[in-house]
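Asker: Take this structure first; my questions come after.
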Amino acid sequence: MAQDYMQDYAANATSFDDKTELRGQVALVTGASSGIGAAVAEALVRRGVSVAMAARRTDRLQEMAARLADEARERNANDGAYGETLALACDVRDAGQTEAAVRQTLDRWRRLDIVVANAGIGIRRPLVEADPQRWKEMLDTNVYGLLLTLKYAVAPMLERKRGHVIVMSSVAGRVPTGGGSAYCGAKAAATAIAESLRIEVSAQGVRVTTIEPGVVISEFQQVAEYAPEIVPNMLKGATPLYPADIARTIIFALEQPASVGLHEILIRPAGQVYP
Ligand SMILES: NC(=O)c1ccc[n+]([C@@H]2O[C@H](COP(=O)([O-])OP(=O)(O)OC[C@H]3O[C@@H](n4cnc5c(N)ncnc54)[C@H](OP(=O)(O)O)[C@@H]3O)[C@@H](O)[C@H]2O)c1
């Protein structure tokens with residue numbers, strides 16, 4: 001058996017050119033109206049991927065779609081260099097809306113190659129002080145909404161026996177912090193969900209990659225109502241990450257050859273020590 005592998009060794013050992021071609025693929029990105037999701041959607045469109053952009057704030061999605069279409073026109077990119085876009089109103093906490101987002105993507109392009117399950121919100125509050133209603137909203141979005149997104153998006157991938165699933169977890173899913181009980185728990189759940197899904201689908205042509213960012217500056221900190229000292233305390237002078245850093249990482253994962261499973265990526269600001 002080992003000899004069979006060695007037959008291919010000479011051809012493959014130093015071949016760096018067999019990246020997965022993204023141009024012409026179709027992606028669904030949840031939480032595409034700001035921050036990481038918006039950066040990923042833009043990066044994909046600029047690589048020729050047609051992107052269904054899902055979120056509740058459709059005005060933002062429509063602005064993005066118009067801006068990317070203008071950009072493609074200005075660059076005269078009518079040869080598939082730019083992907084198309086579709087703005088979809090979708091609250092991932094609602095099973096009907098999430099299923100409809102997948103259906104509308106398939107109706108438009110007849111396929112789904114990539115899902116970026118990214119929609120999410122934060123909470124940072126000592127457990128005994130937290131508002132249970134906000135816990136529920138966050139868990140419904142980050143855990144139940146993630147499950148719904150994966151359920152509906154992965155089914156058509158299994159039918160075609162190909163696809164790439166990106167699950168947006170967090171370093172918080174690995175490293176618990178004070179004030180992070182609910183959010184760290186939700187992101188530990190996201191990482192576990194992704195790993196279970198990987199076990200279920202990896203023999204059927206579907207790859208799963210979990211992304212675990214450290215501090216990324218976006219609207220996340222405002223939505224989570226972070227106190228002003230929280231980010232500086234985590235960074236301790238380090239330069240933070242920005243959404244484009246995560247988008248670049250996701251493109252790297254997506255471009256790996258079909259035989260390569262990049263299953264988990266922990267990405268922090270280089271100088272962030274903890275968490
Ligand atoms: N920023 C960080 O430091 C950091 C670090 C690690 C992981 N993450 C994770 O990265 C993901 C994106 O965060 P971000 O930093 O880009 O924050 P952001 O700028 O606040 O973006 C969050 C996105 O999620 C969408 N969203 C929220 N609730 C939703 C719902 N119920 N249905 C559909 N979409 C919903 C928002 O869109 P609408 O409000 O328009 O619906 C928005 O597009 C989250 O899963 C977050 O946990 C962030």
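A note on labels: chains of the structure tokens are A, B, ... as shown, every chain counts residues from 1, and ligands are counted from 1 in their shown order.
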Considering only C-alpha atoms and all ligand atoms, tabulate each residue of chain A that lies at most 7 Å from ligand 1 along with its nearest interatomic pair and the corresponding distance in Å to one decimal; arrange the rows by chain and ascending residue number and present them as CSV.

Answerer:
residue,atom,partner,partner_atom_place_in_ligand_line,distance
A:Thr30,CA,ligand 1,34 (N),5.9
A:Gly31,CA,ligand 1,43 (O),3.3
A:Ala32,CA,ligand 1,43 (O),4.5
A:Ser33,CA,ligand 1,43 (O),3.8
A:Ser34,CA,ligand 1,43 (O),4.3
A:Gly35,CA,ligand 1,16 (O),3.4
A:Ile36,CA,ligand 1,16 (O),3.7
A:Gly37,CA,ligand 1,16 (O),5.6
A:Ala38,CA,ligand 1,43 (O),6.9
A:Ala54,CA,ligand 1,33 (C),6.6
A:Ala55,CA,ligand 1,41 (O),4.0
A:Arg56,CA,ligand 1,41 (O),3.5
A:Arg57,CA,ligand 1,40 (O),3.7
A:Thr58,CA,ligand 1,40 (O),6.8
A:Cys90,CA,ligand 1,33 (C),5.5
A:Asp91,CA,ligand 1,32 (N),3.4
A:Val92,CA,ligand 1,32 (N),4.0
A:Arg93,CA,ligand 1,31 (N),5.3
A:Asn118,CA,ligand 1,45 (O),4.7
A:Ala119,CA,ligand 1,24 (O),3.6
A:Gly120,CA,ligand 1,45 (O),3.4
A:Ile121,CA,ligand 1,47 (O),5.2
A:Gly122,CA,ligand 1,47 (O),5.9
A:Thr141,CA,ligand 1,31 (N),5.1
A:Asn142,CA,ligand 1,45 (O),6.4
A:Met168,CA,ligand 1,45 (O),5.4
A:Ser169,CA,ligand 1,7 (C),5.6
A:Ser170,CA,ligand 1,6 (C),4.1
A:Val171,CA,ligand 1,6 (C),6.3
A:Glu212,CA,ligand 1,6 (C),6.0
A:Pro213,CA,ligand 1,6 (C),4.3
A:Gly214,CA,ligand 1,5 (C),5.0
A:Val215,CA,ligand 1,3 (O),3.9
A:Val216,CA,ligand 1,3 (O),3.7
A:Ile217,CA,ligand 1,1 (N),5.4
A:Ser218,CA,ligand 1,19 (O),4.6
A:Glu219,CA,ligand 1,19 (O),4.0
A:Phe220,CA,ligand 1,20 (O),3.6
A:Gln221,CA,ligand 1,1 (N),6.6
A:Val223,CA,ligand 1,20 (O),6.0
A:Pro243,CA,ligand 1,16 (O),6.7

Asker: Do you know which residues are at most 9 Å from Val49 in chain A counting only C-alpha atoms, after dropping those on the same chain fewer than 5 positions away, and could you put them as a PyMOL selection string?

Answerer: chain A and resi 22-27+41+43-44+80-85

Asker: Near Glu264 in chain A, counting only C-alpha atoms, which residues have an atom at most 10 Å away, once you skip same-chain residues fewer than 3 positions from it, shown as a PyMOL selection string?

Answerer: chain A and resi 166-167+169+191+194-195+208-212+253+261+267

Asker: When you look at Leu254 in chain A with a cut-off of 9 Å (counting only C-alpha atoms), what residues show up, excluding the ones that are within fewer than 5 positions of it in the same chain? I need them as a list in words.

Answerer: Lys19, Thr20, Glu21, Leu22, Ile114, His164, Ile166, Thr209, Thr249 and Leu262 of chain A

Asker: For Ala172 in chain A, which residue out of A:Arg110, A:Lys236, A:Arg124, A:Lys151 is the nearest one, using only C-alpha atoms?

Answerer: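 With only C-alpha atoms as the atom set, the closest residue is A:Arg124.
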
Asker: To one decimal place in Å, what is the distance between CA of Tyr183 in chain A and CA of Asp140 in chain A?

Answerer: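 Going from CA of Tyr183 in chain A over to CA of Asp140 in chain A, I get 11.6 Å.
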
Asker: Please identify which residues in range 71-245 of chain A DSSP calls helix (DSSP H, G or I) from the backbone, and express them as a VMD selection string.

Answerer: chain A and resid 71 to 74 95 to 109 127 to 129 132 to 160 171 to 173 181 to 204 220 to 223 230 to 235 243 to 245

Asker: To one decimal in Å, tell me the separation between CA of Lys187 in chain A and CA of Val175 in chain A.

Answerer: 9.9 Å

Asker: Write out as a list in words all residues of range 65-205 of chain A that DSSP puts in strand (DSSP E) for this structure's backbone.

Answerer: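 Checking each residue of range 65-205 of chain A, the strand (DSSP E) ones are Thr85, Leu86, Ala87, Leu88, Ala89, Ile114, Val115, Val116, Ala117, Gly163, His164, Val165, Ile166, Val167 and Met168 of chain A.
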
Asker: Quick one, how far is CA of Gly48 in chain A from CA of Leu150 in chain A?

Answerer: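 That distance, rounded to one decimal, is 23.4 Å.
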